[in-house]
Amino acid sequence: MTDDAVLGALRAFVAERDWAKFHTPENLAKSVAIEAAELLECFQWGEPADAAEVRDELADVLTYCLLLADRLGVDADEIVLEKLEKTRAKYPADKARGSAVKYDRLPD
């Protein structure tokens, strides 16, 4: 999923600006939330969102997520796949298909 070139480019960008000292897990997590809010703002009034703006904000969210994973020393692909397995167990396809209810409300 995540190309090594992307992570390398992010690391180089940060290093060139000496920003790593600001990239504490707490600061990066805050940045994820802030950028996610900016992404949500693209859809705030229910009108068609500007595709270029959505792409930029989504890139910002992904950037901070990847930087956070890197700072924590975890492989982003690995943790996504691990979480997918946990979610797959909570939401079996035969019970969850077409439903938006929480896993504890799925039919038995």
# chains A, B, ... in the order shown; residues from 1 in each chain; ligands from 1
call {"tool": "select_by_dssp", "arguments": {"residues": "chain A", "states": "alpha helix (DSSP H)", "output": "PyMOL selection string"}}
result
chain A and resi 4-17+25-41+51-72+76-90+93-96
call {"tool": "residues_around", "arguments": {"residues": "range 52-62 of chain A", "least_positions_apart": "5", "cutoff": "12 Å", "atoms": "only C-alpha atoms", "output": "list in words"}}
result
Thr2, Val6, Leu7, Leu10, Leu28, Ala29, Lys30, Ser31, Val32, Ala33, Ile34, Glu35, Ala36, Ala37, Glu38, Leu39, Leu40, Glu41, Cys42, Phe43, Gln44, Leu67, Leu68, Ala69 and Ala76 of chain A
call {"tool": "write_last_selection", "arguments": {"atoms": "N, CA and C atoms", "output": "mmCIF file, in the first residue's frame"}}
result
data_model
loop_
_atom_site.group_PDB
_atom_site.id
_atom_site.type_symbol
_atom_site.label_atom_id
_atom_site.label_comp_id
_atom_site.auth_asym_id
_atom_site.auth_seq_id
_atom_site.Cartn_x
_atom_site.Cartn_y
_atom_site.Cartn_z
ATOM 1 N N THR A 2 1.626 1.470 1.060
ATOM 2 C CA THR A 2 2.441 2.662 1.147
ATOM 3 C C THR A 2 3.778 2.406 0.481
ATOM 4 N N VAL A 6 7.296 7.179 -0.953
ATOM 5 C CA VAL A 6 6.462 8.186 -0.295
ATOM 6 C C VAL A 6 7.010 8.486 1.091
ATOM 7 N N LEU A 7 7.275 7.454 1.861
ATOM 8 C CA LEU A 7 7.812 7.648 3.203
ATOM 9 C C LEU A 7 9.183 8.319 3.143
ATOM 10 N N LEU A 10 8.645 12.000 2.449
ATOM 11 C CA LEU A 10 8.167 12.696 3.649
ATOM 12 C C LEU A 10 9.303 12.932 4.631
ATOM 13 N N LEU A 28 1.582 15.323 16.147
ATOM 14 C CA LEU A 28 1.153 14.693 14.899
ATOM 15 C C LEU A 28 -0.295 14.230 14.990
ATOM 16 N N ALA A 29 -0.705 13.683 16.131
ATOM 17 C CA ALA A 29 -2.102 13.258 16.306
ATOM 18 C C ALA A 29 -3.035 14.467 16.224
ATOM 19 N N LYS A 30 -2.625 15.573 16.830
ATOM 20 C CA LYS A 30 -3.428 16.802 16.728
ATOM 21 C C LYS A 30 -3.542 17.229 15.267
ATOM 22 N N SER A 31 -2.437 17.140 14.555
ATOM 23 C CA SER A 31 -2.438 17.546 13.150
ATOM 24 C C SER A 31 -3.354 16.662 12.308
ATOM 25 N N VAL A 32 -3.410 15.375 12.621
ATOM 26 C CA VAL A 32 -4.336 14.483 11.917
ATOM 27 C C VAL A 32 -5.764 14.982 12.105
ATOM 28 N N ALA A 33 -6.124 15.283 13.349
ATOM 29 C CA ALA A 33 -7.489 15.739 13.648
ATOM 30 C C ALA A 33 -7.794 17.071 12.973
ATOM 31 N N ILE A 34 -6.845 17.976 13.003
ATOM 32 C CA ILE A 34 -7.040 19.295 12.384
ATOM 33 C C ILE A 34 -7.243 19.149 10.882
ATOM 34 N N GLU A 35 -6.392 18.359 10.247
ATOM 35 C CA GLU A 35 -6.516 18.178 8.799
ATOM 36 C C GLU A 35 -7.778 17.401 8.435
ATOM 37 N N ALA A 36 -8.181 16.467 9.276
ATOM 38 C CA ALA A 36 -9.432 15.743 9.025
ATOM 39 C C ALA A 36 -10.615 16.695 9.083
ATOM 40 N N ALA A 37 -10.559 17.650 9.997
ATOM 41 C CA ALA A 37 -11.629 18.653 10.079
ATOM 42 C C ALA A 37 -11.649 19.514 8.818
ATOM 43 N N GLU A 38 -10.472 19.839 8.296
ATOM 44 C CA GLU A 38 -10.415 20.615 7.057
ATOM 45 C C GLU A 38 -10.961 19.819 5.878
ATOM 46 N N LEU A 39 -10.719 18.518 5.880
ATOM 47 C CA LEU A 39 -11.293 17.653 4.849
ATOM 48 C C LEU A 39 -12.813 17.645 4.964
ATOM 49 N N LEU A 40 -13.300 17.514 6.175
ATOM 50 C CA LEU A 40 -14.744 17.512 6.397
ATOM 51 C C LEU A 40 -15.378 18.833 5.970
ATOM 52 N N GLU A 41 -14.642 19.913 6.163
ATOM 53 C CA GLU A 41 -15.146 21.233 5.779
ATOM 54 C C GLU A 41 -15.450 21.312 4.283
ATOM 55 N N CYS A 42 -14.734 20.533 3.490
ATOM 56 C CA CYS A 42 -14.998 20.507 2.045
ATOM 57 C C CYS A 42 -16.428 20.075 1.739
ATOM 58 N N PHE A 43 -17.022 19.330 2.648
ATOM 59 C CA PHE A 43 -18.373 18.795 2.445
ATOM 60 C C PHE A 43 -19.402 19.458 3.359
ATOM 61 N N GLN A 44 -19.007 20.528 4.024
ATOM 62 C CA GLN A 44 -19.803 21.131 5.089
ATOM 63 C C GLN A 44 -21.230 21.484 4.679
ATOM 64 N N LEU A 67 3.360 10.128 8.914
ATOM 65 C CA LEU A 67 4.415 10.652 9.779
ATOM 66 C C LEU A 67 4.262 10.152 11.216
ATOM 67 N N LEU A 68 3.034 10.054 11.679
ATOM 68 C CA LEU A 68 2.783 9.551 13.029
ATOM 69 C C LEU A 68 3.186 8.082 13.143
ATOM 70 N N ALA A 69 2.790 7.287 12.168
ATOM 71 C CA ALA A 69 3.164 5.870 12.182
ATOM 72 C C ALA A 69 4.684 5.731 12.169
ATOM 73 N N ALA A 76 2.706 1.326 8.645
ATOM 74 C CA ALA A 76 1.320 1.735 8.378
ATOM 75 C C ALA A 76 0.525 0.625 7.690
#
call {"tool": "closest_residue", "arguments": {"among": "A:Pro25, A:Asp94, A:Ser99, A:Glu82", "to": "Cys65 in chain A", "atoms": "only C-alpha atoms"}}
result
A:Pro25
call {"tool": "residues_around", "arguments": {"residues": "Leu106 in chain A", "least_positions_apart": "4", "cutoff": "9 Å", "atoms": "only C-alpha atoms", "output": "PyMOL selection string"}}
result
chain A and resi 91+95-96+99+101-102
call {"tool": "write_last_selection", "arguments": {"atoms": "all heavy atoms", "output": "PDB file, in the first residue's frame"}}
result
ATOM      1  N   TYR A  91     -17.509  -7.622  11.957  1.00  0.00           N
ATOM      2  CA  TYR A  91     -18.514  -7.395  10.921  1.00  0.00           C
ATOM      3  C   TYR A  91     -18.448  -8.480   9.850  1.00  0.00           C
ATOM      4  O   TYR A  91     -17.987  -8.221   8.733  1.00  0.00           O
ATOM      5  CB  TYR A  91     -18.314  -6.016  10.271  1.00  0.00           C
ATOM      6  CG  TYR A  91     -18.566  -4.860  11.192  1.00  0.00           C
ATOM      7  CD1 TYR A  91     -17.536  -4.301  11.935  1.00  0.00           C
ATOM      8  CD2 TYR A  91     -19.845  -4.330  11.314  1.00  0.00           C
ATOM      9  CE1 TYR A  91     -17.759  -3.236  12.783  1.00  0.00           C
ATOM     10  CE2 TYR A  91     -20.086  -3.251  12.159  1.00  0.00           C
ATOM     11  CZ  TYR A  91     -19.039  -2.719  12.891  1.00  0.00           C
ATOM     12  OH  TYR A  91     -19.276  -1.646  13.732  1.00  0.00           O
ATOM     13  N   LYS A  95     -23.452 -11.018   7.702  1.00  0.00           N
ATOM     14  CA  LYS A  95     -24.349 -10.306   8.626  1.00  0.00           C
ATOM     15  C   LYS A  95     -24.339  -8.798   8.400  1.00  0.00           C
ATOM     16  O   LYS A  95     -25.335  -8.119   8.642  1.00  0.00           O
ATOM     17  CB  LYS A  95     -23.964 -10.594  10.071  1.00  0.00           C
ATOM     18  CG  LYS A  95     -24.165 -12.034  10.470  1.00  0.00           C
ATOM     19  CD  LYS A  95     -23.781 -12.248  11.907  1.00  0.00           C
ATOM     20  CE  LYS A  95     -23.980 -13.709  12.289  1.00  0.00           C
ATOM     21  NZ  LYS A  95     -23.621 -13.947  13.678  1.00  0.00           N
ATOM     22  N   ALA A  96     -23.217  -8.262   7.944  1.00  0.00           N
ATOM     23  CA  ALA A  96     -23.069  -6.811   7.849  1.00  0.00           C
ATOM     24  C   ALA A  96     -23.358  -6.251   6.455  1.00  0.00           C
ATOM     25  O   ALA A  96     -23.516  -5.040   6.312  1.00  0.00           O
ATOM     26  CB  ALA A  96     -21.650  -6.421   8.255  1.00  0.00           C
ATOM     27  N   SER A  99     -25.618  -3.118   5.646  1.00  0.00           N
ATOM     28  CA  SER A  99     -26.091  -2.552   6.903  1.00  0.00           C
ATOM     29  C   SER A  99     -25.061  -1.588   7.484  1.00  0.00           C
ATOM     30  O   SER A  99     -23.860  -1.853   7.436  1.00  0.00           O
ATOM     31  CB  SER A  99     -26.358  -3.674   7.911  1.00  0.00           C
ATOM     32  OG  SER A  99     -26.715  -3.135   9.158  1.00  0.00           O
ATOM     33  N   VAL A 101     -25.343  -0.609  10.759  1.00  0.00           N
ATOM     34  CA  VAL A 101     -25.467  -0.689  12.211  1.00  0.00           C
ATOM     35  C   VAL A 101     -24.158  -1.139  12.832  1.00  0.00           C
ATOM     36  O   VAL A 101     -23.336  -1.809  12.201  1.00  0.00           O
ATOM     37  CB  VAL A 101     -26.621  -1.624  12.668  1.00  0.00           C
ATOM     38  CG1 VAL A 101     -27.956  -1.134  12.135  1.00  0.00           C
ATOM     39  CG2 VAL A 101     -26.365  -3.056  12.271  1.00  0.00           C
ATOM     40  N   LYS A 102     -23.963  -0.760  14.094  1.00  0.00           N
ATOM     41  CA  LYS A 102     -22.769  -1.143  14.828  1.00  0.00           C
ATOM     42  C   LYS A 102     -22.753  -2.659  15.023  1.00  0.00           C
ATOM     43  O   LYS A 102     -23.804  -3.310  15.080  1.00  0.00           O
ATOM     44  CB  LYS A 102     -22.751  -0.423  16.181  1.00  0.00           C
ATOM     45  CG  LYS A 102     -21.437  -0.556  16.906  1.00  0.00           C
ATOM     46  CD  LYS A 102     -21.418   0.322  18.142  1.00  0.00           C
ATOM     47  CE  LYS A 102     -20.141   0.070  18.912  1.00  0.00           C
ATOM     48  NZ  LYS A 102     -20.104   0.810  20.169  1.00  0.00           N
TER      49      LYS A 102
END
call {"tool": "atom_distance", "arguments": {"atom1": "CA of Glu26 in chain A", "atom2": "CA of Gly73 in chain A"}}
result
14.5 Å
call {"tool": "closest_residue", "arguments": {"among": "A:Asp77, A:Pro107, A:Glu85, A:Arg97", "to": "Met1 in chain A", "atoms": "only C-alpha atoms"}}
result
A:Asp77
call {"tool": "closest_residue", "arguments": {"among": "A:Asp108, A:Tyr103, A:Glu47, A:Val14", "to": "Lys86 in chain A", "atoms": "only C-alpha atoms"}}
result
A:Tyr103
